Amino acid sequence: MFGLFKKFKAGFAKTVSVIAQKTHGLFGGRKIDAASLDELEEALYTADFGVATTTEILDEIKAAYRQDPELKGKQAAEIGAAVLTRVLAGSEGRLAVGTSGPNIRPAANPIVIAMIGVNGSGKTTTTAKLAWLLKQDKQSVIVAACDTFRAAAVEQLKSWATRLDLEIIASHTGADAAAVAFDAWQATKSRGRDYLIVDTAGRLHTKSNLMEELAKIRRVLAKHDPEAPQHRWLVVDGSLGSNSIEQARVFHQQFGLTGLVVTKLDGTSRGGAIVGIWRELKLPIYFVGLGEQPEDLQPFSIENYAHAVFGLES
Ligand SMILES: Nc1nc2c(ncn2[C@@H]2O[C@H](COP(=O)(O)OP(=O)(O)OP(=O)(O)O)[C@@H](O)[C@H]2O)c(=O)[nH]1
Ligand SMILES: [Mg+2]
């Protein structure tokens, strides 16, 4: 669905630009030499590709350079993109309705997506943007304001709902988040909607009482449908780069994540971290946040990503 290369290109512009700076525009067409290989290595570390991926990319480029001393920067970029494509195989999460896996809807129950994550990672905006995106794809959606903890969180989702014309189920700050989720499921089912997206309060993975609240939301939804929430996504702030891996691990242990959304990639030069996150966690990346507008939330595409970060065309 809606994958657009130009969005990826714009979204990863900061990552591309730090690589271009550090390599003095190597991918522009210049010939490879020993110094440019060192610069490229440093650039890939700066863009947070991590040791394993940087080593793999450099090894393959060096091997090609030994074969062909006339190797150009653009060919090196193509090798880099090919390595990323191989390493990321299997990392694209897809929400295709009614085909297989978690999207089969026995007795036409709604598909429930729970957005989970630390404070400020982008859960509420991702909830709204995803609802909008699904509506563009002719799916019907309800969003549930289950962040009843932070003052103004309910209002924030309500104002998105007004702006994007979304159906919303909300209570008030201080209400029981699990009760809101329970009511929202019922409304989604009785109105025959396809999806329920549950926004939850930001919480540090180290706070056990707040982690317990997530478990309660899950238990309560399971009373309606033992499969719900079929999707339990950690929303990760992409500007944290590979530092987000540890928190993701803890959420995964405690809550059994089914996928990730990586946000704010437009605001960081650490776009390479996506690869390390995948290598470490092996959780599919469903969406990436490439800007503040609804259409800046895009399904993760290995091809678009690998080409964009190496400054290639699609
Ligand atoms: N540039 C950019 N900003 C983003 C993106 N995703 C989210 N944001 C911004 O990040 C800020 C926090 O987003 P929220 O959706 O409120 O985050 P949250 O996880 O719901 O925060 P809490 O509810 O406080 O835990 C907002 O200003 C968003 O506009 C993105 O992909 N790109
Ligand atoms: Mg929020």
# chains A, B, ... in the order shown; residues from 1 in each chain; ligands from 1

call {"tool": "residues_near_ligand", "arguments": {"ligand": "ligand 1", "cutoff": "10 Å", "atoms": "only C-alpha atoms and all ligand atoms", "output": "PyMOL selection string"}}
result
chain A and resi 11+115-129+146-154+156-157+199-204+234-239+261-268+287-294+296-298

call {"tool": "write_last_selection", "arguments": {"atoms": "C-alpha atoms", "output": "PDB file, in the first residue's frame"}}
result
ATOM      1  CA  GLY A  11      12.504  11.604   5.753  1.00  0.00           C
ATOM      2  CA  MET A 115       0.461   1.494  20.778  1.00  0.00           C
ATOM      3  CA  ILE A 116       2.959   1.165  23.595  1.00  0.00           C
ATOM      4  CA  GLY A 117       6.109   3.053  24.508  1.00  0.00           C
ATOM      5  CA  VAL A 118       8.039   5.423  26.702  1.00  0.00           C
ATOM      6  CA  ASN A 119       6.953   9.022  27.200  1.00  0.00           C
ATOM      7  CA  GLY A 120       6.961  11.179  24.121  1.00  0.00           C
ATOM      8  CA  SER A 121       7.918   8.464  21.631  1.00  0.00           C
ATOM      9  CA  GLY A 122       5.023   9.333  19.283  1.00  0.00           C
ATOM     10  CA  LYS A 123       2.175   6.968  20.293  1.00  0.00           C
ATOM     11  CA  THR A 124      -0.674   9.463  20.136  1.00  0.00           C
ATOM     12  CA  THR A 125       0.309  11.053  16.844  1.00  0.00           C
ATOM     13  CA  THR A 126       1.003   7.612  15.353  1.00  0.00           C
ATOM     14  CA  THR A 127      -2.440   6.439  16.494  1.00  0.00           C
ATOM     15  CA  ALA A 128      -4.059   9.356  14.689  1.00  0.00           C
ATOM     16  CA  LYS A 129      -1.891   9.143  11.576  1.00  0.00           C
ATOM     17  CA  CYS A 146      -6.507   4.992  26.787  1.00  0.00           C
ATOM     18  CA  ASP A 147      -3.915   7.461  28.013  1.00  0.00           C
ATOM     19  CA  THR A 148      -5.997   8.529  30.965  1.00  0.00           C
ATOM     20  CA  PHE A 149      -2.841   9.267  32.936  1.00  0.00           C
ATOM     21  CA  ARG A 150      -1.245  12.377  31.459  1.00  0.00           C
ATOM     22  CA  ALA A 151      -3.298  15.552  31.753  1.00  0.00           C
ATOM     23  CA  ALA A 152      -4.414  16.720  28.281  1.00  0.00           C
ATOM     24  CA  ALA A 153      -3.642  13.372  26.616  1.00  0.00           C
ATOM     25  CA  VAL A 154      -7.343  12.698  25.951  1.00  0.00           C
ATOM     26  CA  GLN A 156      -4.720  15.702  22.291  1.00  0.00           C
ATOM     27  CA  LEU A 157      -6.228  12.618  20.655  1.00  0.00           C
ATOM     28  CA  ASP A 199      -3.381   4.800  22.409  1.00  0.00           C
ATOM     29  CA  THR A 200      -1.783   4.190  25.800  1.00  0.00           C
ATOM     30  CA  ALA A 201       0.049   6.331  28.346  1.00  0.00           C
ATOM     31  CA  GLY A 202       3.790   6.792  28.053  1.00  0.00           C
ATOM     32  CA  ARG A 203       5.645   4.672  30.558  1.00  0.00           C
ATOM     33  CA  LEU A 204       9.196   3.819  31.410  1.00  0.00           C
ATOM     34  CA  LEU A 234       6.308  -0.524  20.538  1.00  0.00           C
ATOM     35  CA  VAL A 235       6.535   3.039  19.282  1.00  0.00           C
ATOM     36  CA  VAL A 236      10.227   3.925  19.330  1.00  0.00           C
ATOM     37  CA  ASP A 237      11.722   7.408  19.025  1.00  0.00           C
ATOM     38  CA  GLY A 238      14.113   7.028  16.093  1.00  0.00           C
ATOM     39  CA  SER A 239      16.335   9.847  17.306  1.00  0.00           C
ATOM     40  CA  VAL A 261       6.886   1.763  14.748  1.00  0.00           C
ATOM     41  CA  VAL A 262       9.991   3.957  14.492  1.00  0.00           C
ATOM     42  CA  THR A 263       9.149   7.671  14.616  1.00  0.00           C
ATOM     43  CA  LYS A 264      10.934  11.015  14.185  1.00  0.00           C
ATOM     44  CA  LEU A 265      13.408   9.661  11.650  1.00  0.00           C
ATOM     45  CA  ASP A 266      13.191  12.998   9.833  1.00  0.00           C
ATOM     46  CA  GLY A 267      14.734  14.726  12.840  1.00  0.00           C
ATOM     47  CA  THR A 268      17.840  12.582  13.192  1.00  0.00           C
ATOM     48  CA  PHE A 287       5.555   1.927  10.044  1.00  0.00           C
ATOM     49  CA  VAL A 288       8.143   4.676  10.076  1.00  0.00           C
ATOM     50  CA  GLY A 289       7.500   8.290  11.071  1.00  0.00           C
ATOM     51  CA  LEU A 290       9.117  10.584   8.518  1.00  0.00           C
ATOM     52  CA  GLY A 291       7.545  13.885   9.533  1.00  0.00           C
ATOM     53  CA  GLU A 292       4.703  15.556  11.398  1.00  0.00           C
ATOM     54  CA  GLN A 293       1.943  15.287   8.802  1.00  0.00           C
ATOM     55  CA  PRO A 294      -0.450  12.322   8.636  1.00  0.00           C
ATOM     56  CA  ASP A 296       4.451  11.201   6.750  1.00  0.00           C
ATOM     57  CA  LEU A 297       3.672   7.930   8.492  1.00  0.00           C
ATOM     58  CA  GLN A 298       4.673   5.328   5.916  1.00  0.00           C
TER      59      GLN A 298
END

call {"tool": "select_by_dssp", "arguments": {"residues": "stretch 194-292 of chain A", "states": "strand (DSSP E or B)", "output": "tab-separated table (two decimals) with C-alpha atoms, in the first residue's frame"}}
result
chain	number	residue	atom	x	y	z
A	195	TYR	CA	-9.77	-1.71	13.31
A	196	LEU	CA	-9.44	-0.46	16.86
A	197	ILE	CA	-6.27	1.50	17.64
A	198	VAL	CA	-5.55	1.88	21.34
A	199	ASP	CA	-3.38	4.80	22.41
A	200	THR	CA	-1.78	4.19	25.80
A	231	HIS	CA	-0.87	-6.20	17.31
A	232	ARG	CA	1.20	-4.94	20.23
A	233	TRP	CA	3.54	-2.35	18.82
A	234	LEU	CA	6.31	-0.52	20.54
A	235	VAL	CA	6.54	3.04	19.28
A	236	VAL	CA	10.23	3.92	19.33
A	237	ASP	CA	11.72	7.41	19.03
A	259	GLY	CA	6.10	-5.19	15.98
A	260	LEU	CA	7.58	-1.72	16.00
A	261	VAL	CA	6.89	1.76	14.75
A	262	VAL	CA	9.99	3.96	14.49
A	263	THR	CA	9.15	7.67	14.62
A	285	ILE	CA	8.80	-2.70	11.58
A	286	TYR	CA	5.29	-1.81	10.50
A	287	PHE	CA	5.55	1.93	10.04
A	288	VAL	CA	8.14	4.68	10.08
A	289	GLY	CA	7.50	8.29	11.07

call {"tool": "residues_around", "arguments": {"residues": "A:Lys158", "least_positions_apart": "5", "cutoff": "10 Å", "atoms": "only C-alpha atoms", "output": "PyMOL selection string"}}
result
chain A and resi 128+143-145+152-153+163-170

call {"tool": "closest_residue", "arguments": {"among": "A:Leu88, A:Ile32, A:Ala43, A:Val112", "to": "A:Arg66", "atoms": "only C-alpha atoms"}}
result
A:Ile32

call {"tool": "residues_around", "arguments": {"residues": "A:Pro69", "least_positions_apart": "6", "cutoff": "10 Å", "atoms": "only C-alpha atoms", "output": "count of residues only"}}
result
4

call {"tool": "closest_residue", "arguments": {"among": "A:Phe251, A:Trp160, A:Tyr305, A:Trp132", "to": "ligand 2", "atoms": "only C-alpha atoms and all ligand atoms"}}
result
A:Trp160

call {"tool": "closest_residue", "arguments": {"among": "A:Ala47, A:Val18, A:Ile274, A:Ala187", "to": "A:Pro110", "atoms": "only C-alpha atoms"}}
result
A:Ala187

call {"tool": "closest_residue", "arguments": {"among": "A:Glu70, A:Glu78, A:Glu155, A:Asp59", "to": "ligand 2", "atoms": "only C-alpha atoms and all ligand atoms"}}
result
A:Glu155

call {"tool": "atom_distance", "arguments": {"atom1": "atom CA of A:Ser17", "atom2": "atom CA of A:Ala81"}}
result
16.2 Å

call {"tool": "select_by_dssp", "arguments": {"residues": "stretch 25-160 of chain A", "states": "helix (DSSP H, G or I)", "output": "PyMOL selection string"}}
result
chain A and resi 26-28+34-46+50-67+73-87+101-103+106-108+123-136+153-160

call {"tool": "closest_residue", "arguments": {"among": "A:Arg249, A:His172, A:His24, A:Arg219", "to": "A:His205", "atoms": "only C-alpha atoms"}}
result
A:Arg249

call {"tool": "atom_distance", "arguments": {"atom1": "atom CA of A:Gly311", "atom2": "atom CA of A:Ser244"}}
result
25.2 Å

call {"tool": "atom_distance", "arguments": {"atom1": "atom CA of A:Lys22", "atom2": "atom CA of A:Ile57"}}
result
16.2 Å

call {"tool": "closest_residue", "arguments": {"among": "A:Thr46, A:Ser171, A:Ser36, A:Thr162", "to": "A:Leu58", "atoms": "only C-alpha atoms"}}
result
A:Ser36

call {"tool": "decode", "arguments": {"residues": "stretch 63-100 of chain A", "atoms": "N, CA, C and O atoms", "output": "PDB file, in the first residue's frame"}}
result
ATOM      1  N   ALA A  63      36.051  -5.679  -1.059  1.00  0.00           N
ATOM      2  CA  ALA A  63      36.238  -6.824  -1.967  1.00  0.00           C
ATOM      3  C   ALA A  63      36.003  -6.383  -3.416  1.00  0.00           C
ATOM      4  O   ALA A  63      36.777  -6.739  -4.315  1.00  0.00           O
ATOM      5  N   ALA A  64      34.981  -5.585  -3.620  1.00  0.00           N
ATOM      6  CA  ALA A  64      34.692  -5.108  -4.983  1.00  0.00           C
ATOM      7  C   ALA A  64      35.800  -4.173  -5.470  1.00  0.00           C
ATOM      8  O   ALA A  64      36.163  -4.186  -6.649  1.00  0.00           O
ATOM      9  N   TYR A  65      36.335  -3.384  -4.566  1.00  0.00           N
ATOM     10  CA  TYR A  65      37.408  -2.431  -4.893  1.00  0.00           C
ATOM     11  C   TYR A  65      38.689  -3.175  -5.275  1.00  0.00           C
ATOM     12  O   TYR A  65      39.414  -2.773  -6.189  1.00  0.00           O
ATOM     13  N   ARG A  66      38.955  -4.292  -4.577  1.00  0.00           N
ATOM     14  CA  ARG A  66      40.129  -5.105  -4.937  1.00  0.00           C
ATOM     15  C   ARG A  66      39.986  -5.662  -6.356  1.00  0.00           C
ATOM     16  O   ARG A  66      40.929  -5.702  -7.121  1.00  0.00           O
ATOM     17  N   GLN A  67      38.762  -6.067  -6.663  1.00  0.00           N
ATOM     18  CA  GLN A  67      38.480  -6.595  -8.007  1.00  0.00           C
ATOM     19  C   GLN A  67      38.592  -5.501  -9.069  1.00  0.00           C
ATOM     20  O   GLN A  67      38.998  -5.762 -10.184  1.00  0.00           O
ATOM     21  N   ASP A  68      38.129  -4.302  -8.692  1.00  0.00           N
ATOM     22  CA  ASP A  68      38.045  -3.219  -9.667  1.00  0.00           C
ATOM     23  C   ASP A  68      38.538  -1.919  -9.029  1.00  0.00           C
ATOM     24  O   ASP A  68      37.769  -1.195  -8.390  1.00  0.00           O
ATOM     25  N   PRO A  69      39.814  -1.607  -9.217  1.00  0.00           N
ATOM     26  CA  PRO A  69      40.377  -0.388  -8.601  1.00  0.00           C
ATOM     27  C   PRO A  69      39.722   0.896  -9.120  1.00  0.00           C
ATOM     28  O   PRO A  69      39.952   1.961  -8.563  1.00  0.00           O
ATOM     29  N   GLU A  70      38.931   0.779 -10.169  1.00  0.00           N
ATOM     30  CA  GLU A  70      38.233   1.963 -10.698  1.00  0.00           C
ATOM     31  C   GLU A  70      36.834   2.124 -10.098  1.00  0.00           C
ATOM     32  O   GLU A  70      36.034   2.930 -10.575  1.00  0.00           O
ATOM     33  N   LEU A  71      36.527   1.320  -9.067  1.00  0.00           N
ATOM     34  CA  LEU A  71      35.181   1.332  -8.478  1.00  0.00           C
ATOM     35  C   LEU A  71      34.750   2.753  -8.103  1.00  0.00           C
ATOM     36  O   LEU A  71      35.493   3.495  -7.461  1.00  0.00           O
ATOM     37  N   LYS A  72      33.533   3.100  -8.483  1.00  0.00           N
ATOM     38  CA  LYS A  72      33.017   4.459  -8.226  1.00  0.00           C
ATOM     39  C   LYS A  72      32.154   4.469  -6.955  1.00  0.00           C
ATOM     40  O   LYS A  72      31.614   3.442  -6.543  1.00  0.00           O
ATOM     41  N   GLY A  73      32.010   5.676  -6.420  1.00  0.00           N
ATOM     42  CA  GLY A  73      31.183   5.850  -5.223  1.00  0.00           C
ATOM     43  C   GLY A  73      29.774   5.323  -5.396  1.00  0.00           C
ATOM     44  O   GLY A  73      29.207   4.715  -4.489  1.00  0.00           O
ATOM     45  N   LYS A  74      29.211   5.555  -6.569  1.00  0.00           N
ATOM     46  CA  LYS A  74      27.832   5.121  -6.780  1.00  0.00           C
ATOM     47  C   LYS A  74      27.717   3.595  -6.732  1.00  0.00           C
ATOM     48  O   LYS A  74      26.752   3.047  -6.199  1.00  0.00           O
ATOM     49  N   GLN A  75      28.742   2.917  -7.259  1.00  0.00           N
ATOM     50  CA  GLN A  75      28.736   1.444  -7.191  1.00  0.00           C
ATOM     51  C   GLN A  75      28.868   0.989  -5.733  1.00  0.00           C
ATOM     52  O   GLN A  75      28.247   0.004  -5.325  1.00  0.00           O
ATOM     53  N   ALA A  76      29.666   1.722  -4.965  1.00  0.00           N
ATOM     54  CA  ALA A  76      29.794   1.405  -3.536  1.00  0.00           C
ATOM     55  C   ALA A  76      28.441   1.576  -2.837  1.00  0.00           C
ATOM     56  O   ALA A  76      28.041   0.758  -1.998  1.00  0.00           O
ATOM     57  N   ALA A  77      27.723   2.629  -3.205  1.00  0.00           N
ATOM     58  CA  ALA A  77      26.396   2.863  -2.614  1.00  0.00           C
ATOM     59  C   ALA A  77      25.454   1.709  -2.966  1.00  0.00           C
ATOM     60  O   ALA A  77      24.659   1.258  -2.120  1.00  0.00           O
ATOM     61  N   GLU A  78      25.570   1.228  -4.194  1.00  0.00           N
ATOM     62  CA  GLU A  78      24.703   0.100  -4.599  1.00  0.00           C
ATOM     63  C   GLU A  78      25.031  -1.161  -3.803  1.00  0.00           C
ATOM     64  O   GLU A  78      24.127  -1.919  -3.416  1.00  0.00           O
ATOM     65  N   ILE A  79      26.313  -1.363  -3.528  1.00  0.00           N
ATOM     66  CA  ILE A  79      26.709  -2.518  -2.706  1.00  0.00           C
ATOM     67  C   ILE A  79      26.137  -2.351  -1.298  1.00  0.00           C
ATOM     68  O   ILE A  79      25.570  -3.281  -0.718  1.00  0.00           O
ATOM     69  N   GLY A  80      26.256  -1.125  -0.753  1.00  0.00           N
ATOM     70  CA  GLY A  80      25.707  -0.854   0.583  1.00  0.00           C
ATOM     71  C   GLY A  80      24.214  -1.130   0.637  1.00  0.00           C
ATOM     72  O   GLY A  80      23.720  -1.784   1.569  1.00  0.00           O
ATOM     73  N   ALA A  81      23.498  -0.664  -0.372  1.00  0.00           N
ATOM     74  CA  ALA A  81      22.045  -0.878  -0.395  1.00  0.00           C
ATOM     75  C   ALA A  81      21.718  -2.368  -0.497  1.00  0.00           C
ATOM     76  O   ALA A  81      20.765  -2.854   0.129  1.00  0.00           O
ATOM     77  N   ALA A  82      22.543  -3.100  -1.239  1.00  0.00           N
ATOM     78  CA  ALA A  82      22.300  -4.548  -1.371  1.00  0.00           C
ATOM     79  C   ALA A  82      22.530  -5.260  -0.040  1.00  0.00           C
ATOM     80  O   ALA A  82      21.772  -6.176   0.331  1.00  0.00           O
ATOM     81  N   VAL A  83      23.545  -4.833   0.707  1.00  0.00           N
ATOM     82  CA  VAL A  83      23.783  -5.435   2.026  1.00  0.00           C
ATOM     83  C   VAL A  83      22.582  -5.156   2.936  1.00  0.00           C
ATOM     84  O   VAL A  83      22.066  -6.062   3.600  1.00  0.00           O
ATOM     85  N   LEU A  84      22.122  -3.907   2.946  1.00  0.00           N
ATOM     86  CA  LEU A  84      20.965  -3.575   3.796  1.00  0.00           C
ATOM     87  C   LEU A  84      19.748  -4.411   3.407  1.00  0.00           C
ATOM     88  O   LEU A  84      19.012  -4.901   4.260  1.00  0.00           O
ATOM     89  N   THR A  85      19.537  -4.562   2.114  1.00  0.00           N
ATOM     90  CA  THR A  85      18.379  -5.326   1.643  1.00  0.00           C
ATOM     91  C   THR A  85      18.449  -6.767   2.150  1.00  0.00           C
ATOM     92  O   THR A  85      17.448  -7.338   2.583  1.00  0.00           O
ATOM     93  N   ARG A  86      19.646  -7.311   2.123  1.00  0.00           N
ATOM     94  CA  ARG A  86      19.821  -8.695   2.591  1.00  0.00           C
ATOM     95  C   ARG A  86      19.635  -8.791   4.102  1.00  0.00           C
ATOM     96  O   ARG A  86      18.897  -9.646   4.601  1.00  0.00           O
ATOM     97  N   VAL A  87      20.277  -7.863   4.837  1.00  0.00           N
ATOM     98  CA  VAL A  87      20.218  -7.928   6.303  1.00  0.00           C
ATOM     99  C   VAL A  87      18.784  -7.684   6.804  1.00  0.00           C
ATOM    100  O   VAL A  87      18.349  -8.274   7.795  1.00  0.00           O
ATOM    101  N   LEU A  88      18.061  -6.828   6.105  1.00  0.00           N
ATOM    102  CA  LEU A  88      16.716  -6.463   6.570  1.00  0.00           C
ATOM    103  C   LEU A  88      15.621  -7.426   6.087  1.00  0.00           C
ATOM    104  O   LEU A  88      14.442  -7.227   6.423  1.00  0.00           O
ATOM    105  N   ALA A  89      15.996  -8.452   5.350  1.00  0.00           N
ATOM    106  CA  ALA A  89      14.974  -9.374   4.817  1.00  0.00           C
ATOM    107  C   ALA A  89      14.047  -9.846   5.946  1.00  0.00           C
ATOM    108  O   ALA A  89      14.520 -10.289   6.994  1.00  0.00           O
ATOM    109  N   GLY A  90      12.764  -9.714   5.742  1.00  0.00           N
ATOM    110  CA  GLY A  90      11.786 -10.150   6.745  1.00  0.00           C
ATOM    111  C   GLY A  90      11.347  -9.058   7.709  1.00  0.00           C
ATOM    112  O   GLY A  90      10.475  -9.270   8.550  1.00  0.00           O
ATOM    113  N   SER A  91      11.929  -7.856   7.590  1.00  0.00           N
ATOM    114  CA  SER A  91      11.645  -6.817   8.591  1.00  0.00           C
ATOM    115  C   SER A  91      10.419  -5.961   8.280  1.00  0.00           C
ATOM    116  O   SER A  91      10.022  -5.140   9.104  1.00  0.00           O
ATOM    117  N   GLU A  92       9.816  -6.143   7.123  1.00  0.00           N
ATOM    118  CA  GLU A  92       8.654  -5.307   6.772  1.00  0.00           C
ATOM    119  C   GLU A  92       7.387  -5.880   7.385  1.00  0.00           C
ATOM    120  O   GLU A  92       6.935  -6.955   6.995  1.00  0.00           O
ATOM    121  N   GLY A  93       6.814  -5.162   8.338  1.00  0.00           N
ATOM    122  CA  GLY A  93       5.507  -5.557   8.856  1.00  0.00           C
ATOM    123  C   GLY A  93       4.423  -5.084   7.901  1.00  0.00           C
ATOM    124  O   GLY A  93       4.540  -3.993   7.339  1.00  0.00           O
ATOM    125  N   ARG A  94       3.415  -5.878   7.684  1.00  0.00           N
ATOM    126  CA  ARG A  94       2.344  -5.454   6.768  1.00  0.00           C
ATOM    127  C   ARG A  94       0.977  -5.712   7.382  1.00  0.00           C
ATOM    128  O   ARG A  94       0.712  -6.781   7.913  1.00  0.00           O
ATOM    129  N   LEU A  95       0.114  -4.721   7.259  1.00  0.00           N
ATOM    130  CA  LEU A  95      -1.262  -4.854   7.724  1.00  0.00           C
ATOM    131  C   LEU A  95      -2.145  -5.107   6.520  1.00  0.00           C
ATOM    132  O   LEU A  95      -2.703  -4.182   5.948  1.00  0.00           O
ATOM    133  N   ALA A  96      -2.225  -6.348   6.100  1.00  0.00           N
ATOM    134  CA  ALA A  96      -3.104  -6.652   4.959  1.00  0.00           C
ATOM    135  C   ALA A  96      -4.326  -7.373   5.517  1.00  0.00           C
ATOM    136  O   ALA A  96      -4.192  -8.372   6.202  1.00  0.00           O
ATOM    137  N   VAL A  97      -5.465  -6.835   5.228  1.00  0.00           N
ATOM    138  CA  VAL A  97      -6.673  -7.329   5.879  1.00  0.00           C
ATOM    139  C   VAL A  97      -7.132  -8.656   5.291  1.00  0.00           C
ATOM    140  O   VAL A  97      -7.161  -8.837   4.077  1.00  0.00           O
ATOM    141  N   GLY A  98      -7.488  -9.571   6.185  1.00  0.00           N
ATOM    142  CA  GLY A  98      -8.202 -10.771   5.769  1.00  0.00           C
ATOM    143  C   GLY A  98      -7.404 -11.773   4.970  1.00  0.00           C
ATOM    144  O   GLY A  98      -7.981 -12.597   4.281  1.00  0.00           O
ATOM    145  N   THR A  99      -6.074 -11.740   5.045  1.00  0.00           N
ATOM    146  CA  THR A  99      -5.308 -12.698   4.257  1.00  0.00           C
ATOM    147  C   THR A  99      -4.800 -13.844   5.130  1.00  0.00           C
ATOM    148  O   THR A  99      -5.253 -14.973   4.995  1.00  0.00           O
ATOM    149  N   SER A 100      -3.886 -13.518   6.037  1.00  0.00           N
ATOM    150  CA  SER A 100      -3.344 -14.595   6.863  1.00  0.00           C
ATOM    151  C   SER A 100      -2.873 -14.005   8.183  1.00  0.00           C
ATOM    152  O   SER A 100      -2.910 -12.809   8.395  1.00  0.00           O
TER     153      SER A 100
END
